[in-house]
file target21.txt (compact mmCIF, C-alpha atoms)
# COMPACT_ATOMS: atom_id res chain seq x y z
CA MET A 1 10.75 -15.69 12.51
CA LYS A 2 10.25 -11.97 11.98
CA VAL A 3 11.82 -9.58 14.48
CA ASP A 4 9.16 -6.95 13.77
CA ARG A 5 6.42 -9.41 14.78
CA LEU A 6 8.23 -10.28 18.01
CA VAL A 7 8.65 -6.62 18.86
CA SER A 8 4.99 -5.96 18.03
CA ILE A 9 3.90 -8.79 20.36
CA ILE A 10 6.05 -7.34 23.14
CA MET A 11 4.48 -3.91 22.62
CA ILE A 12 0.99 -5.45 22.71
CA LEU A 13 1.76 -7.32 25.92
CA LEU A 14 3.05 -4.11 27.47
CA ASP A 15 -0.09 -2.26 26.42
CA LYS A 16 -2.61 -4.97 27.34
CA LYS A 17 -2.76 -6.85 30.59
CA ARG A 18 -3.59 -10.14 28.87
CA ILE A 19 -4.25 -11.35 25.31
CA GLY A 20 -5.21 -14.75 23.93
CA ALA A 21 -3.08 -16.84 21.58
CA GLN A 22 -5.82 -17.03 18.96
CA GLU A 23 -6.26 -13.26 19.01
CA LEU A 24 -2.54 -12.82 18.37
CA ALA A 25 -2.64 -15.42 15.59
CA ASP A 26 -5.54 -13.60 13.89
CA MET A 27 -3.87 -10.23 14.34
CA PHE A 28 -0.63 -11.30 12.60
CA GLU A 29 -2.23 -13.84 10.23
CA VAL A 30 -0.07 -16.72 11.41
CA SER A 31 -0.77 -20.11 12.98
CA LEU A 32 -1.13 -20.79 16.71
CA ARG A 33 2.06 -22.84 16.51
CA THR A 34 3.92 -19.76 15.24
CA ILE A 35 2.57 -17.64 18.11
CA TYR A 36 3.70 -20.22 20.66
CA ARG A 37 7.17 -20.26 19.08
CA ASP A 38 7.23 -16.44 19.24
CA ILE A 39 6.32 -16.49 22.94
CA ASP A 40 9.11 -18.99 23.60
CA ALA A 41 11.55 -16.71 21.76
CA ILE A 42 10.43 -13.71 23.82
CA ASN A 43 10.95 -15.70 27.03
CA MET A 44 14.41 -16.76 25.85
CA ALA A 45 15.22 -13.08 25.26
CA GLY A 46 14.70 -12.50 28.98
CA ILE A 47 11.14 -11.15 29.03
CA PRO A 48 9.03 -13.35 31.33
CA VAL A 49 5.73 -14.08 29.55
CA ARG A 50 3.39 -16.51 31.25
CA GLY A 51 0.23 -18.21 30.05
CA ALA A 52 -3.01 -18.06 32.02
CA PRO A 53 -5.29 -21.08 31.33
CA GLY A 54 -9.08 -21.22 31.21
CA VAL A 55 -11.78 -18.78 30.17
CA GLY A 56 -10.37 -15.27 29.86
CA GLY A 57 -6.86 -16.66 29.85
CA GLY A 58 -4.00 -15.82 27.56
CA PHE A 59 -0.48 -14.47 27.64
CA GLU A 60 0.77 -11.71 29.90
CA ILE A 61 4.05 -10.24 31.05
CA MET A 62 4.72 -11.01 34.71
CA GLU A 63 3.52 -8.20 36.94
CA GLY A 64 6.20 -5.77 38.05
CA TYR A 65 8.59 -6.64 35.23
CA LYS A 66 10.26 -3.77 33.40
CA ILE A 67 11.90 -4.35 30.06
CA ASP A 68 15.62 -3.96 29.87
CA LYS A 69 16.35 -1.42 27.16
CA LYS A 70 19.15 -3.64 25.87
CA VAL A 71 16.56 -6.14 24.61
CA PHE A 72 16.26 -4.01 21.44
CA SER A 73 19.28 -3.63 19.18
CA VAL A 74 20.14 -0.43 17.33
CA ALA A 75 18.84 -2.03 14.12
CA ASP A 76 15.54 -3.03 15.81
CA LEU A 77 14.87 0.46 17.15
CA SER A 78 15.92 2.16 13.91
CA ALA A 79 13.57 -0.03 11.86
CA LEU A 80 10.66 0.58 14.24
CA LEU A 81 11.18 4.34 14.27
CA MET A 82 11.47 4.54 10.48
CA GLY A 83 8.27 2.57 10.00
CA LEU A 84 6.26 4.45 12.61
CA ALA A 85 7.53 7.85 11.47
CA SER A 86 6.70 7.23 7.81
CA LEU A 87 3.22 5.99 8.70
CA SER A 88 2.53 8.87 11.10
CA ASN A 89 3.18 11.33 8.25
CA MET A 90 0.11 9.94 6.48
CA VAL A 91 -2.12 8.53 9.24
CA ARG A 92 -2.06 10.68 12.32
CA GLY A 93 -3.58 9.55 15.57
CA ASP A 94 -3.01 9.19 19.27
CA GLU A 95 -2.13 5.50 18.92
CA LEU A 96 0.80 6.28 16.61
CA VAL A 97 2.00 9.11 18.81
CA HIS A 98 1.93 6.81 21.82
CA ALA A 99 3.70 4.02 19.90
CA LEU A 100 6.47 6.41 18.84
CA ALA A 101 6.85 7.64 22.41
CA LYS A 102 7.10 4.06 23.71
CA VAL A 103 9.74 3.05 21.18
CA LYS A 104 11.77 6.20 21.87
CA SER A 105 11.65 5.43 25.58
CA PHE A 106 13.66 2.24 24.89
CA ILE A 107 16.58 4.20 23.40
CA PRO A 108 19.57 4.27 25.77
CA ALA A 109 21.03 7.76 26.14
CA ASP A 110 24.45 6.63 24.91
CA ARG A 111 22.94 5.19 21.68
CA ALA A 112 20.51 8.01 20.85
CA LYS A 113 22.81 9.78 18.37
CA GLU A 114 23.70 6.54 16.57
CA ILE A 115 20.04 5.55 16.21
CA GLU A 116 19.03 9.03 15.02
CA LEU A 117 21.73 8.85 12.35
CA LYS A 118 20.50 5.46 11.11
CA VAL A 119 16.86 6.58 11.06
CA ASN A 120 17.75 9.65 9.00
CA GLN A 121 19.57 7.52 6.41
CA ILE A 122 16.22 6.55 4.90
CA CYS A 123 13.39 8.98 4.19
CA ILE A 124 9.98 7.49 3.40
CA ASP A 125 7.59 10.09 1.97
CA LEU A 126 4.35 8.56 0.71
CA SER A 127 2.81 11.83 -0.48
CA PRO A 128 2.72 12.43 -4.28
CA TRP A 129 4.79 15.10 -6.05
CA MET A 130 1.62 16.61 -7.54
CA GLY A 131 -2.13 16.17 -7.40
CA LYS A 132 -4.45 15.52 -4.49
CA SER A 133 -2.05 15.07 -1.60
CA ASP A 134 -4.19 16.13 1.36
CA ILE A 135 -6.30 13.03 1.96
CA GLN A 136 -5.63 13.15 5.69
CA PRO A 137 -9.26 14.06 6.62
CA TYR A 138 -10.53 11.08 4.60
CA LEU A 139 -8.05 8.71 6.26
CA GLU A 140 -9.06 9.89 9.71
CA LYS A 141 -12.78 9.63 8.92
CA ILE A 142 -12.38 6.09 7.52
CA LYS A 143 -10.32 5.02 10.56
CA ALA A 144 -13.03 6.33 12.88
CA ALA A 145 -15.75 4.54 10.92
CA MET A 146 -13.84 1.23 11.06
CA GLN A 147 -13.29 1.54 14.81
CA GLU A 148 -16.95 2.34 15.46
CA SER A 149 -18.38 -0.02 12.78
CA LYS A 150 -20.29 2.80 11.11
CA LEU A 151 -21.34 3.01 7.48
CA LEU A 152 -19.64 5.40 5.07
CA SER A 153 -21.30 7.17 2.17
CA PHE A 154 -19.54 8.94 -0.69
CA GLU A 155 -19.68 9.83 -4.36
CA TYR A 156 -17.31 7.77 -6.49
CA ILE A 157 -15.86 8.23 -9.96
CA ALA A 158 -15.51 4.75 -11.45
CA HIS A 159 -14.23 3.62 -14.85
CA HIS A 160 -15.00 5.80 -17.87
CA GLY A 161 -15.97 8.69 -15.60
CA ASN A 162 -19.16 7.08 -14.27
CA LYS A 163 -20.25 8.85 -11.07
CA THR A 164 -22.16 6.83 -8.47
CA VAL A 165 -23.24 7.20 -4.85
CA ARG A 166 -22.05 4.39 -2.57
CA SER A 167 -22.92 3.16 0.89
CA VAL A 168 -20.07 1.01 2.22
CA GLU A 169 -19.12 -0.97 5.31
CA PRO A 170 -15.41 -0.09 5.86
CA TYR A 171 -13.04 -2.93 6.72
CA GLN A 172 -9.48 -2.05 5.71
CA LEU A 173 -7.27 0.77 4.48
CA VAL A 174 -4.77 -0.34 1.83
CA LEU A 175 -1.68 1.57 0.67
CA LYS A 176 -0.62 0.31 -2.75
CA SER A 177 1.88 2.01 -5.07
CA SER A 178 1.58 5.34 -3.17
CA HIS A 179 -2.22 5.32 -3.48
CA TRP A 180 -4.68 4.76 -0.63
CA TYR A 181 -7.65 2.41 -1.09
CA LEU A 182 -10.62 1.46 1.06
CA GLN A 183 -11.64 -2.20 1.18
CA GLY A 184 -15.31 -2.39 2.07
CA TYR A 185 -18.62 -4.11 1.47
CA CYS A 186 -20.59 -2.06 -1.07
CA HIS A 187 -24.35 -2.15 -0.60
CA ALA A 188 -24.91 -1.08 -4.22
CA ARG A 189 -22.93 -4.07 -5.56
CA ASN A 190 -23.66 -6.50 -2.69
CA ASP A 191 -20.01 -7.47 -2.64
CA PHE A 192 -16.58 -6.39 -1.40
CA ARG A 193 -14.87 -3.69 -3.43
CA LEU A 194 -11.66 -1.65 -3.42
CA PHE A 195 -12.23 2.12 -3.64
CA ARG A 196 -9.41 4.54 -4.44
CA LEU A 197 -9.56 7.50 -2.06
CA SER A 198 -8.54 10.02 -4.72
CA ARG A 199 -11.72 9.15 -6.65
CA MET A 200 -14.00 9.81 -3.66
CA SER A 201 -15.84 13.01 -2.84
CA ASN A 202 -18.31 14.10 -0.16
CA LEU A 203 -17.21 11.33 2.23
CA GLN A 204 -19.56 11.11 5.23
CA MET A 205 -19.69 8.81 8.25
CA GLN A 206 -23.26 7.73 8.92
CA GLU A 207 -24.83 7.17 12.32
CA LYS A 208 -25.99 3.69 11.33
CA ILE A 209 -23.88 0.91 12.87
CA PHE A 210 -23.31 -2.31 10.90
CA THR A 211 -22.52 -5.80 12.13
CA PRO A 212 -19.07 -6.76 10.78
CA ARG A 213 -19.19 -9.72 8.43
CA ASP A 214 -16.52 -12.27 7.53
CA TYR A 215 -14.36 -11.08 4.68
CA GLU A 216 -11.17 -11.89 2.84
CA LYS A 217 -8.46 -9.31 2.41
CA PRO A 218 -8.27 -7.87 -1.12
CA PHE A 219 -6.01 -9.51 -3.65
CA ILE A 220 -3.52 -6.81 -4.58
CA GLY A 221 -0.53 -8.81 -5.88
CA PHE A 222 -0.95 -8.75 -9.63
CA ALA A 223 2.66 -9.39 -10.68
CA GLU A 224 2.12 -13.02 -11.73
CA ILE A 225 -1.17 -12.25 -13.49
CA LEU A 226 0.37 -9.33 -15.39
CA GLU A 227 3.22 -11.54 -16.56
CA THR A 228 0.75 -13.91 -18.21
CA MET A 229 -1.19 -11.03 -19.81
CA GLN A 230 1.74 -8.95 -21.02
CA THR A 231 3.38 -9.25 -24.39
CA GLU A 232 6.46 -7.43 -25.63
CA ILE A 233 6.14 -4.88 -28.41
CA LYS A 234 8.94 -3.07 -30.19
CA ILE A 235 9.11 0.71 -29.88
CA ARG A 236 11.66 3.30 -31.00
CA ILE A 237 12.20 6.12 -28.53
CA HIS A 238 14.24 9.28 -28.34
CA LYS A 239 16.78 9.43 -25.52
CA SER A 240 14.88 12.39 -23.99
CA VAL A 241 12.12 10.03 -22.75
CA MET A 242 14.44 7.22 -21.74
CA ASP A 243 14.07 7.97 -18.02
CA ARG A 244 10.28 7.69 -18.26
CA VAL A 245 10.39 4.44 -20.24
CA LEU A 246 12.66 2.99 -17.54
CA ASP A 247 9.70 3.22 -15.15
CA PHE A 248 8.14 0.31 -17.06
CA CYS A 249 11.10 -1.88 -18.08
CA THR A 250 14.78 -2.33 -17.30
CA TYR A 251 17.80 -1.10 -19.24
CA GLU A 252 18.39 -4.65 -20.52
CA HIS A 253 15.40 -4.10 -22.83
CA PHE A 254 17.17 -1.18 -24.61
CA SER A 255 19.29 -1.42 -27.77
CA PRO A 256 21.02 1.73 -29.17
CA ASP A 257 19.76 2.94 -32.55
CA GLY A 258 22.17 5.67 -33.61
CA ASP A 259 23.28 8.45 -31.28
CA ALA A 260 19.88 9.70 -30.10
CA TYR A 261 17.47 6.74 -30.29
CA TYR A 262 16.84 3.33 -28.72
CA ILE A 263 14.88 0.28 -29.80
CA VAL A 264 13.02 -1.03 -26.74
CA SER A 265 11.24 -4.33 -26.03
CA PHE A 266 8.36 -2.81 -24.11
CA PRO A 267 5.93 -4.83 -21.89
CA PHE A 268 2.40 -4.17 -23.14
CA ILE A 269 -1.21 -5.16 -22.54
CA GLU A 270 -3.83 -4.17 -25.11
CA ASN A 271 -6.00 -1.90 -22.98
CA GLU A 272 -6.60 1.82 -22.52
CA TYR A 273 -4.03 2.16 -19.75
CA TYR A 274 -1.13 0.89 -21.85
CA TYR A 275 -2.17 2.73 -25.01
CA ASN A 276 -2.27 5.92 -22.94
CA ILE A 277 1.25 5.21 -21.72
CA LEU A 278 2.51 5.05 -25.30
CA MET A 279 0.57 8.18 -26.21
CA SER A 280 2.10 10.03 -23.26
CA PHE A 281 5.55 9.79 -24.88
CA GLY A 282 4.28 11.94 -27.76
CA ASP A 283 6.42 12.24 -30.88
CA LYS A 284 9.42 10.83 -29.01
CA CYS A 285 8.05 7.28 -29.34
CA GLU A 286 7.11 5.20 -32.40
CA CYS A 287 5.55 1.75 -32.23
CA LEU A 288 7.36 -0.45 -34.77
CA GLU A 289 5.60 -3.77 -34.25
CA PRO A 290 3.28 -5.61 -34.11
CA LEU A 291 1.45 -4.02 -37.02
CA HIS A 292 -2.06 -3.99 -35.49
CA ILE A 293 -0.84 -2.01 -32.45
CA ARG A 294 1.01 0.39 -34.75
CA GLU A 295 -2.22 0.88 -36.74
CA GLU A 296 -4.21 1.49 -33.55
CA MET A 297 -1.70 4.12 -32.45
CA LYS A 298 -2.04 5.79 -35.86
CA ARG A 299 -5.84 5.86 -35.49
CA ARG A 300 -5.61 7.45 -32.06
CA VAL A 301 -3.19 10.10 -33.28
CA HIS A 302 -5.57 10.92 -36.15
CA ASP A 303 -8.49 11.23 -33.70
CA ILE A 304 -6.52 13.69 -31.57
CA ALA A 305 -5.51 15.70 -34.64
CA ALA A 306 -9.16 15.85 -35.72
CA LEU A 307 -10.05 17.62 -32.45
CA TYR A 308 -7.91 20.60 -33.48
CA GLU A 309 -8.92 20.86 -37.15
CA ASN A 310 -11.64 23.39 -36.34
call {"tool": "encode", "arguments": {"input": "target21.txt", "output": "structure tokens"}}
result
Amino acid sequence: MKVDRLVSIIMILLDKKRIGAQELADMFEVSLRTIYRDIDAINMAGIPVRGAPGVGGGFEIMEGYKIDKKVFSVADLSALLMGLASLSNMVRGDELVHALAKVKSFIPADRAKEIELKVNQICIDLSPWMGKSDIQPYLEKIKAAMQESKLLSFEYIAHHGNKTVRSVEPYQLVLKSSHWYLQGYCHARNDFRLFRLSRMSNLQMQEKIFTPRDYEKPFIGFAEILETMQTEIKIRIHKSVMDRVLDFCTYEHFSPDGDAYYIVSFPFIENEYYYNILMSFGDKCECLEPLHIREEMKRRVHDIAALYEN
């Protein structure tokens, strides 16, 4: 049972007069049985939630009840504030401001300093060090389009630099590995697609309203698939790029080779992305084996050298 889900249900019940069990189950992607267990847990915590039967029924907090601030522990409030604060840095909006204000209102005066200290122990900054960091207008425009069920149009740079114009029904914003994506139904492809916001330009919300269709959330957990596709190659690196290589494998993959070099078992997939990773290490990295990857690296180095011959 997740505490964050219980707290979220409490916040929803405070905000709405009544909400159905199925709506809660869909919202949190859990079963009805789980929702009923959550409601029982909330009642056991001292918050009187009652069920209203029939059409238009659902769960509601008994009228006139005010939550005791002691319901939330220091850890609960700290976790909520950290999550809301980090999200509000990227996705601004009245709903987040109101949520932050509500959570802060639960903080007892004698615990405020302790909670502030715990919140400040972790800083979550989702903005990149360099590059296109100001995507706030795009996030706000996509949020508005999703809320109003309006089509979005934009120019998109796909693989190999291909530029296309897309008309898309927006369904979900996805934050993956510090990059924002839009999950939507693309009219050009007649299917659901993930679009990276940094590759968009000229984003416009159209006046045309679409009827939302059933859809599945995007599959974004590729760890198991990558493990089946990856193979280990042997590279020799200079210690000056060791910190960068550690972004792709752990120190257990390193074996010292003299005072200034390491032999590394490096996870690799034979595609442009991974070849570009090796190339990015420059002359501080040499592929030792297998031979065909070493030969391909040699060919690429020769092609780059040929660009500068004239």
call {"tool": "closest_residue", "arguments": {"input": "target21.txt", "among": "A:Gln230, A:Asn162, A:Thr250, A:Ser240", "to": "Tyr274 in chain A", "atoms": "all atoms listed in the file"}}
result
A:Gln230
call {"tool": "closest_residue", "arguments": {"input": "target21.txt", "among": "A:Leu14, A:Leu173, A:Ala41, A:Met297", "to": "Glu272 in chain A", "atoms": "all atoms listed in the file"}}
result
A:Met297
call {"tool": "residues_near_point", "arguments": {"input": "target21.txt", "point": "(-13.2, 7.9, -5.8)", "cutoff": "10 Å", "atoms": "all atoms listed in the file", "output": "VMD selection string"}}
result
chain A and resid 154 to 158 163 to 164 181 to 182 194 to 203
call {"tool": "atom_distance", "arguments": {"input": "target21.txt", "atom1": "CA of Asp40 in chain A", "atom2": "CA of Ile107 in chain A"}}
result
24.4 Å
call {"tool": "residues_near_point", "arguments": {"input": "target21.txt", "point": "(3.7, 1.4, -36.4)", "cutoff": "10 Å", "atoms": "all atoms listed in the file", "output": "ChimeraX atom specification"}}
result
/A:234-236,286-298
call {"tool": "closest_residue", "arguments": {"input": "target21.txt", "among": "A:Gly282, A:Pro267, A:Gly51, A:Pro170", "to": "Ile19 in chain A", "atoms": "only C-alpha atoms"}}
result
A:Gly51
call {"tool": "decode", "arguments": {"input": "target21.txt", "residues": "range 28-52 of chain A", "atoms": "N, CA and C atoms", "output": "CSV table (one decimal), in the first residue's frame"}}
result
chain,number,residue,atom,x,y,z
A,28,PHE,N,-5.5,6.0,-10.6
A,28,PHE,CA,-4.2,5.5,-10.1
A,28,PHE,C,-3.8,4.1,-10.7
A,29,GLU,N,-4.6,3.7,-11.7
A,29,GLU,CA,-4.2,2.4,-12.4
A,29,GLU,C,-4.1,1.2,-11.4
A,30,VAL,N,-5.1,1.1,-10.6
A,30,VAL,CA,-5.1,0.0,-9.6
A,30,VAL,C,-6.5,-0.6,-9.7
A,31,SER,N,-6.7,-1.8,-9.1
A,31,SER,CA,-8.0,-2.5,-9.1
A,31,SER,C,-9.0,-1.8,-8.1
A,32,LEU,N,-10.3,-2.1,-8.3
A,32,LEU,CA,-11.3,-1.6,-7.4
A,32,LEU,C,-11.1,-2.1,-6.0
A,33,ARG,N,-10.6,-3.4,-5.9
A,33,ARG,CA,-10.3,-4.0,-4.6
A,33,ARG,C,-9.3,-3.1,-3.8
A,34,THR,N,-8.2,-2.7,-4.6
A,34,THR,CA,-7.2,-1.8,-4.0
A,34,THR,C,-7.8,-0.5,-3.5
A,35,ILE,N,-8.6,0.1,-4.2
A,35,ILE,CA,-9.3,1.4,-3.8
A,35,ILE,C,-10.1,1.2,-2.6
A,36,TYR,N,-10.8,0.1,-2.5
A,36,TYR,CA,-11.6,-0.2,-1.3
A,36,TYR,C,-10.7,-0.4,-0.1
A,37,ARG,N,-9.6,-1.1,-0.3
A,37,ARG,CA,-8.6,-1.2,0.8
A,37,ARG,C,-8.1,0.1,1.3
A,38,ASP,N,-7.8,1.0,0.3
A,38,ASP,CA,-7.3,2.3,0.6
A,38,ASP,C,-8.3,3.1,1.4
A,39,ILE,N,-9.5,3.0,1.0
A,39,ILE,CA,-10.6,3.8,1.7
A,39,ILE,C,-10.7,3.3,3.2
A,40,ASP,N,-10.6,2.0,3.3
A,40,ASP,CA,-10.6,1.4,4.7
A,40,ASP,C,-9.4,1.9,5.5
A,41,ALA,N,-8.3,2.0,4.9
A,41,ALA,CA,-7.1,2.5,5.6
A,41,ALA,C,-7.2,3.9,6.0
A,42,ILE,N,-7.8,4.7,5.1
A,42,ILE,CA,-8.1,6.2,5.4
A,42,ILE,C,-9.0,6.3,6.6
A,43,ASN,N,-10.1,5.5,6.6
A,43,ASN,CA,-11.0,5.5,7.7
A,43,ASN,C,-10.3,5.1,9.0
A,44,MET,N,-9.4,4.1,9.0
A,44,MET,CA,-8.7,3.6,10.1
A,44,MET,C,-7.8,4.7,10.7
A,45,ALA,N,-7.3,5.6,9.7
A,45,ALA,CA,-6.4,6.7,10.1
A,45,ALA,C,-7.2,7.8,10.8
A,46,GLY,N,-8.5,7.7,10.9
A,46,GLY,CA,-9.3,8.7,11.6
A,46,GLY,C,-10.0,9.7,10.7
A,47,ILE,N,-10.0,9.5,9.4
A,47,ILE,CA,-10.7,10.4,8.5
A,47,ILE,C,-12.0,9.7,8.0
A,48,PRO,N,-13.1,10.2,8.4
A,48,PRO,CA,-14.4,9.5,8.1
A,48,PRO,C,-14.8,9.7,6.6
A,49,VAL,N,-14.6,8.6,5.8
A,49,VAL,CA,-15.0,8.6,4.4
A,49,VAL,C,-16.2,7.7,4.3
A,50,ARG,N,-17.3,8.1,3.7
A,50,ARG,CA,-18.4,7.3,3.6
A,50,ARG,C,-18.7,7.1,2.1
A,51,GLY,N,-19.4,6.0,1.8
A,51,GLY,CA,-19.8,5.7,0.4
A,51,GLY,C,-21.3,6.0,0.2
A,52,ALA,N,-21.5,6.6,-0.9
A,52,ALA,CA,-22.9,7.0,-1.3
A,52,ALA,C,-23.3,6.0,-2.4
